[in-house]
Amino acid sequence: MIKTEELTKVFRTDEVETTALNKVTMEIQGGDFVAIMGPSGCGKSTLLNILGLLDNPSDGKLYFDGTEVSKFKERHRTNMRKGNIGFVFQSFNLIDELTVFENVELPLLYMNVSSSERKKKVNAVLERMKIAHRKKHFPQQLSGGQQQRVAISRAVVTNPKLILADEPTGNLDSANGEEVMALLTELNKDGTTVVMVTHSPSDAEKAHRIIHLFDGHIVTENIKHVL
Amino acid sequence: MKDLCVPIPNFSEDEIADIELRVGDQKISYSFRVESFAWQVEDELSVENDDVSASLARIYRLKKAIEGYDKKWELIQIFTPGDNATHIQVLYRRRN
């Protein structure tokens with residue numbers, strides 16, 4: 001599903017040049033559950049942003065479902081993301097001015113899905129994530145765990161092929177973190193590819209493969225389960 | 001609860017920590033080892049006054065150390081070395 005060849009990302013300012021990713025070559029199959037681990041600043045989030053087509057690499061190639069997307073312009077990347085990729089962030093990134101229902105509905109609006117269809121899909125996913133009873137509430141009225149369930153709902157409502165999760169349990173207590181990991185594992189068992197950045201070895205244990213990143217390089221990879 | 005944290009004072013690089021848990025009726029045993037690999041040392045890979053080459057040399061040393069490590073042990077976590085550290089710590093767990 002995703003293939004990178006010597007992917008490199010360099011950030012430049014007037015004073016300094018930082019190589020966040022250095023010739024990263026990897027492949028992720030459809031249905032895989034991959035954890036990317038490494039210390040702060042090692043390039044994990046940069047890698048996730050590039051895999052999620054939120055940014056372009058400085059060099060190297062990125063393939064998504066067989067299509068080379070490394071040099072896509074912003075508009076092209078946006079079209080590719082829509083409906084194909086869902087995101088889950090550490091700090092949830094919900095819109096405070098929108099209700100739970102409206103937050104989850106947003107990706108479907110961008111895809112021009114009809115109103116009746118949007119209602120059906122949003123209600124179905126909120127039921128699945130066991131947060132339907134709060135659909136008229138605003139994010140600030142929810143606990144951290146509930147907010148992350150809303151964020152996951154938003155990520156999956158378009159039935160994407162791929163979910164990218166950046167430290168999804170980072171702001172949660174143990175119990176809520178376990179619940180979020182159970183949801184991601186269940187989504188993966190249903191066929192969604194999941195790529196997760198994490199600091200937590202116990203969260204990483206849920207994945208099929210663990211890739212260890214250091215200073216922008218892949219240092220090693222553990223294969224936990226054969227797909 | 002997914003994690004139990006066990007502080008181990010004076011756990012040095014040559015030692016293995018064996019942990020036995022009993023959860024309900026089930027006994028679970030783990031063996032952990034913290035290894036120290038060369039990180040910023042003077043060797044044939046060292047290049048003076050070149051930060052990029054120095055970074056590549058560190059990564060190369062670490063990769064080689066990990067690749068050649070005893071396969072009976074599984075890498076769990078690579079810790080962040082301190083500034084000016086000469087070695088980097090890596091946590092391993094014995095495979096079942």
# chains A, B, ... in the order shown; residues from 1 in each chain; ligands from 1
call {"tool": "residues_around", "arguments": {"residues": "Val104 (chain A)", "least_positions_apart": "4", "cutoff": "10 Å", "atoms": "only C-alpha atoms", "output": "JSON, numbers by chain"}}
result
{"A": [94, 95, 98, 99, 100, 108, 109, 118, 121, 122, 123, 125, 126, 135, 150, 151, 152, 153, 154, 155, 156, 157, 158]}
call {"tool": "write_last_selection", "arguments": {"atoms": "C-alpha atoms", "output": "PDB file, in the first residue's frame"}}
result
ATOM      1  CA  LEU A  94     -11.222  18.542  17.431  1.00  0.00           C
ATOM      2  CA  ILE A  95     -12.928  21.808  16.530  1.00  0.00           C
ATOM      3  CA  LEU A  98     -18.566  22.167  16.489  1.00  0.00           C
ATOM      4  CA  THR A  99     -20.537  19.459  18.254  1.00  0.00           C
ATOM      5  CA  VAL A 100     -19.357  15.861  18.334  1.00  0.00           C
ATOM      6  CA  LEU A 108     -17.923  13.703   4.648  1.00  0.00           C
ATOM      7  CA  LEU A 109     -18.794  17.341   3.902  1.00  0.00           C
ATOM      8  CA  ARG A 118     -23.798  11.781   6.167  1.00  0.00           C
ATOM      9  CA  LYS A 121     -22.638   7.195   8.429  1.00  0.00           C
ATOM     10  CA  VAL A 122     -21.966   9.526  11.374  1.00  0.00           C
ATOM     11  CA  ASN A 123     -24.594   7.895  13.564  1.00  0.00           C
ATOM     12  CA  VAL A 125     -19.683   5.271  13.560  1.00  0.00           C
ATOM     13  CA  LEU A 126     -20.642   7.084  16.788  1.00  0.00           C
ATOM     14  CA  LYS A 135     -23.269  13.613  19.885  1.00  0.00           C
ATOM     15  CA  VAL A 150     -14.591  11.266  18.679  1.00  0.00           C
ATOM     16  CA  ALA A 151     -11.276  11.854  16.903  1.00  0.00           C
ATOM     17  CA  ILE A 152     -11.116   8.180  15.912  1.00  0.00           C
ATOM     18  CA  SER A 153     -14.735   8.385  14.736  1.00  0.00           C
ATOM     19  CA  ARG A 154     -13.802  11.317  12.525  1.00  0.00           C
ATOM     20  CA  ALA A 155     -10.797   9.407  11.194  1.00  0.00           C
ATOM     21  CA  VAL A 156     -12.844   6.333  10.198  1.00  0.00           C
ATOM     22  CA  VAL A 157     -16.162   7.812   9.064  1.00  0.00           C
ATOM     23  CA  THR A 158     -15.028   7.883   5.406  1.00  0.00           C
TER      24      THR A 158
END
call {"tool": "interface_residues", "arguments": {"of": "chain B", "to": "chain A", "cutoff": "12 Å", "atoms": "only C-alpha atoms", "output": "MDAnalysis selection string"}}
result
chainID B and resid 1:5 51:52 54:69 71 73:82 88 90:93 95
call {"tool": "select_by_dssp", "arguments": {"residues": "region 109-141 of chain A", "states": "helix (DSSP H, G or I)", "output": "ChimeraX atom specification"}}
result
/A:109-110,115-128,132-134,139-141
call {"tool": "closest_residue", "arguments": {"among": "A:Ala20, A:Asn159, A:Lys82, A:Val195", "to": "Met1 (chain A)", "atoms": "only C-alpha atoms"}}
result
A:Val195
call {"tool": "residues_around", "arguments": {"residues": "Leu53 (chain A)", "least_positions_apart": "3", "cutoff": "12 Å", "atoms": "only C-alpha atoms", "output": "ChimeraX atom specification"}}
result
/A:2,46-50,56-57,62-64,68-82,84-87,162,164
call {"tool": "atom_distance", "arguments": {"atom1": "CA of Arg128 (chain A)", "atom2": "CA of Gln147 (chain A)"}}
result
14.6 Å
call {"tool": "atom_distance", "arguments": {"atom1": "CA of Val34 (chain B)", "atom2": "CA of Val197 (chain A)"}}
result
23.0 Å
call {"tool": "residues_around", "arguments": {"residues": "His87 (chain B)", "least_positions_apart": "4", "cutoff": "8 Å", "atoms": "only C-alpha atoms", "output": "number ranges by chain"}}
result
B: 36-41, 81
call {"tool": "write_last_selection", "arguments": {"atoms": "C-alpha atoms", "output": "tab-separated table (two decimals), in the first residue's frame"}}
result
chain	number	residue	atom	x	y	z
B	36	SER	CA	25.27	-0.28	26.20
B	37	PHE	CA	26.50	0.12	22.64
B	38	ALA	CA	29.25	2.42	21.40
B	39	TRP	CA	27.73	5.72	20.29
B	40	GLN	CA	30.22	8.57	20.13
B	41	VAL	CA	33.65	6.98	20.28
B	81	PRO	CA	21.72	9.22	24.87
call {"tool": "residues_around", "arguments": {"residues": "Pro168 (chain A)", "least_positions_apart": "3", "cutoff": "6 Å", "atoms": "only C-alpha atoms", "output": "number ranges by chain"}}
result
A: 89-90, 165
call {"tool": "write_last_selection", "arguments": {"atoms": "N, CA and C atoms", "output": "compact mmCIF listing (two decimals), in the first residue's frame"}}
result
# COMPACT_ATOMS: atom_id res chain seq x y z
N PHE A 89 -4.64 12.26 16.29
CA PHE A 89 -3.53 13.00 16.87
C PHE A 89 -3.50 12.88 18.39
N GLN A 90 -2.35 13.13 18.96
CA GLN A 90 -2.19 13.06 20.41
C GLN A 90 -3.13 14.03 21.12
N ALA A 165 -1.83 7.42 13.15
CA ALA A 165 -2.07 7.84 14.52
C ALA A 165 -0.76 8.32 15.14
call {"tool": "select_by_dssp", "arguments": {"residues": "chain B", "states": "strand (DSSP E or B)", "output": "CSV table (one decimal) with N, CA and C atoms, in the first residue's frame"}}
result
chain,number,residue,atom,x,y,z
B,16,ILE,N,21.4,-8.8,34.0
B,16,ILE,CA,20.1,-9.2,33.5
B,16,ILE,C,19.1,-9.1,34.6
B,17,ALA,N,18.0,-8.5,34.4
B,17,ALA,CA,17.0,-8.4,35.4
B,17,ALA,C,15.9,-9.5,35.1
B,18,ASP,N,15.7,-10.4,36.0
B,18,ASP,CA,14.7,-11.4,35.8
B,18,ASP,C,13.5,-11.1,36.7
B,19,ILE,N,12.3,-11.0,36.0
B,19,ILE,CA,11.1,-10.6,36.8
B,19,ILE,C,10.1,-11.8,36.7
B,20,GLU,N,9.6,-12.2,37.9
B,20,GLU,CA,8.5,-13.2,37.8
B,20,GLU,C,7.3,-12.5,38.4
B,21,LEU,N,6.2,-12.7,37.6
B,21,LEU,CA,4.9,-12.1,38.1
B,21,LEU,C,3.9,-13.2,38.3
B,22,ARG,N,3.0,-13.0,39.2
B,22,ARG,CA,1.9,-14.0,39.3
B,22,ARG,C,0.7,-13.1,39.2
B,23,VAL,N,-0.1,-13.3,38.1
B,23,VAL,CA,-1.3,-12.6,37.8
B,23,VAL,C,-2.5,-13.6,37.9
B,26,GLN,N,-1.8,-17.4,37.1
B,26,GLN,CA,-0.8,-17.5,36.1
B,26,GLN,C,0.5,-16.9,36.5
B,27,LYS,N,1.6,-17.7,36.3
B,27,LYS,CA,2.9,-17.2,36.6
B,27,LYS,C,3.6,-16.8,35.3
B,28,ILE,N,4.1,-15.6,35.2
B,28,ILE,CA,4.7,-15.1,34.0
B,28,ILE,C,6.2,-14.7,34.4
B,29,SER,N,7.1,-15.1,33.5
B,29,SER,CA,8.5,-14.7,33.8
B,29,SER,C,9.0,-13.9,32.6
B,30,TYR,N,9.8,-12.8,33.0
B,30,TYR,CA,10.5,-12.0,32.0
B,30,TYR,C,11.9,-11.9,32.3
B,31,SER,N,12.8,-11.8,31.3
B,31,SER,CA,14.2,-11.4,31.5
B,31,SER,C,14.4,-10.2,30.7
B,32,PHE,N,14.9,-9.2,31.3
B,32,PHE,CA,15.3,-7.9,30.7
B,32,PHE,C,16.8,-7.7,30.8
B,33,ARG,N,17.3,-7.1,29.8
B,33,ARG,CA,18.7,-6.7,29.8
B,33,ARG,C,18.9,-5.3,29.2
B,34,VAL,N,19.7,-4.5,29.8
B,34,VAL,CA,20.0,-3.2,29.3
B,34,VAL,C,21.4,-3.2,28.7
B,35,GLU,N,21.5,-3.1,27.5
B,35,GLU,CA,22.9,-3.1,26.8
B,35,GLU,C,23.3,-1.7,26.6
B,36,SER,N,24.7,-1.6,26.6
B,36,SER,CA,25.3,-0.3,26.2
B,36,SER,C,26.1,-0.5,24.9
B,37,PHE,N,25.7,0.2,23.9
B,37,PHE,CA,26.5,0.1,22.6
B,37,PHE,C,27.3,1.4,22.4
B,38,ALA,N,28.4,1.2,21.7
B,38,ALA,CA,29.2,2.4,21.4
B,38,ALA,C,28.4,3.4,20.6
B,73,TRP,N,17.3,-12.5,22.1
B,73,TRP,CA,16.8,-11.3,22.8
B,73,TRP,C,16.2,-10.4,21.8
B,74,GLU,N,15.0,-9.8,22.3
B,74,GLU,CA,14.2,-9.0,21.4
B,74,GLU,C,14.4,-7.5,21.8
B,75,LEU,N,14.6,-6.6,20.9
B,75,LEU,CA,14.8,-5.2,21.2
B,75,LEU,C,13.5,-4.6,21.6
B,76,ILE,N,13.4,-3.9,22.7
B,76,ILE,CA,12.2,-3.3,23.2
B,76,ILE,C,12.2,-1.8,23.0
B,77,GLN,N,13.3,-1.2,23.4
B,77,GLN,CA,13.4,0.3,23.4
B,77,GLN,C,14.8,0.8,23.3
B,78,ILE,N,15.0,1.8,22.5
B,78,ILE,CA,16.3,2.5,22.4
B,78,ILE,C,16.1,3.8,23.2
B,87,HIS,N,28.1,6.2,25.0
B,87,HIS,CA,27.4,5.0,24.7
B,87,HIS,C,25.9,5.2,24.8
B,88,ILE,N,25.1,4.3,24.1
B,88,ILE,CA,23.7,4.5,24.0
B,88,ILE,C,23.1,3.2,24.6
B,89,GLN,N,22.0,3.4,25.5
B,89,GLN,CA,21.4,2.2,26.1
B,89,GLN,C,20.2,1.6,25.3
B,90,VAL,N,20.2,0.3,25.3
B,90,VAL,CA,19.1,-0.3,24.5
B,90,VAL,C,18.5,-1.4,25.5
B,91,LEU,N,17.2,-1.4,25.6
B,91,LEU,CA,16.5,-2.4,26.4
B,91,LEU,C,16.1,-3.7,25.6
B,92,TYR,N,16.5,-4.8,26.1
B,92,TYR,CA,16.2,-6.1,25.4
B,92,TYR,C,15.3,-7.0,26.4
B,93,ARG,N,14.5,-7.8,25.8
B,93,ARG,CA,13.8,-8.8,26.6
B,93,ARG,C,14.0,-10.2,26.0
B,94,ARG,N,14.2,-11.2,26.8
B,94,ARG,CA,14.5,-12.5,26.3
B,94,ARG,C,13.2,-13.0,25.6
call {"tool": "atom_distance", "arguments": {"atom1": "CA of Ile211 (chain A)", "atom2": "CA of Met196 (chain A)"}}
result
10.2 Å
call {"tool": "decode", "arguments": {"residues": "region 163-219 of chain A", "atoms": "C-alpha atoms", "output": "CSV table (one decimal), in the first residue's frame"}}
result
chain,number,residue,atom,x,y,z
A,163,ILE,CA,-5.2,5.4,9.6
A,164,LEU,CA,-2.2,7.4,10.8
A,165,ALA,CA,-2.1,7.8,14.5
A,166,ASP,CA,0.5,10.2,16.1
A,167,GLU,CA,0.9,9.2,19.8
A,168,PRO,CA,-2.9,8.4,20.1
A,169,THR,CA,-2.6,7.5,23.8
A,170,GLY,CA,-0.1,10.2,24.7
A,171,ASN,CA,-2.6,12.5,26.5
A,172,LEU,CA,-4.7,9.7,28.1
A,173,ASP,CA,-4.6,7.8,31.3
A,174,SER,CA,-4.0,4.0,31.3
A,175,ALA,CA,-7.6,2.9,31.1
A,176,ASN,CA,-8.5,5.3,28.3
A,177,GLY,CA,-5.3,4.5,26.5
A,178,GLU,CA,-6.1,0.8,26.5
A,179,GLU,CA,-9.5,1.5,25.1
A,180,VAL,CA,-8.0,3.5,22.3
A,181,MET,CA,-5.5,0.8,21.5
A,182,ALA,CA,-8.4,-1.8,21.5
A,183,LEU,CA,-10.3,0.4,19.0
A,184,LEU,CA,-7.3,0.7,16.7
A,185,THR,CA,-6.6,-3.1,16.9
A,186,GLU,CA,-10.3,-3.8,16.1
A,187,LEU,CA,-10.2,-1.5,13.1
A,188,ASN,CA,-7.0,-3.2,11.9
A,189,LYS,CA,-8.6,-6.6,12.3
A,190,ASP,CA,-11.4,-5.3,10.0
A,191,GLY,CA,-8.9,-4.6,7.3
A,192,THR,CA,-7.8,-1.0,7.9
A,193,THR,CA,-4.0,-0.4,7.7
A,194,VAL,CA,-2.8,1.4,10.8
A,195,VAL,CA,0.5,3.2,11.2
A,196,MET,CA,1.1,4.5,14.7
A,197,VAL,CA,3.8,6.6,16.2
A,198,THR,CA,4.3,5.9,19.8
A,199,HIS,CA,6.7,6.2,22.8
A,200,SER,CA,5.1,3.4,24.6
A,201,PRO,CA,6.6,-0.1,24.2
A,202,SER,CA,3.4,-1.7,25.5
A,203,ASP,CA,1.3,0.1,22.8
A,204,ALA,CA,3.8,-0.9,20.2
A,205,GLU,CA,3.4,-4.5,21.2
A,206,LYS,CA,-0.1,-4.5,19.7
A,207,ALA,CA,1.4,-3.9,16.2
A,208,HIS,CA,2.5,-6.5,13.7
A,209,ARG,CA,5.8,-4.7,13.2
A,210,ILE,CA,7.8,-2.2,15.2
A,211,ILE,CA,10.1,0.2,13.3
A,212,HIS,CA,12.8,1.9,15.4
A,213,LEU,CA,13.8,5.4,14.1
A,214,PHE,CA,16.8,7.3,15.3
A,215,ASP,CA,18.2,10.6,14.0
A,216,GLY,CA,16.0,10.2,10.9
A,217,HIS,CA,17.2,6.7,10.1
A,218,ILE,CA,15.5,3.3,10.4
A,219,VAL,CA,17.8,1.5,12.8
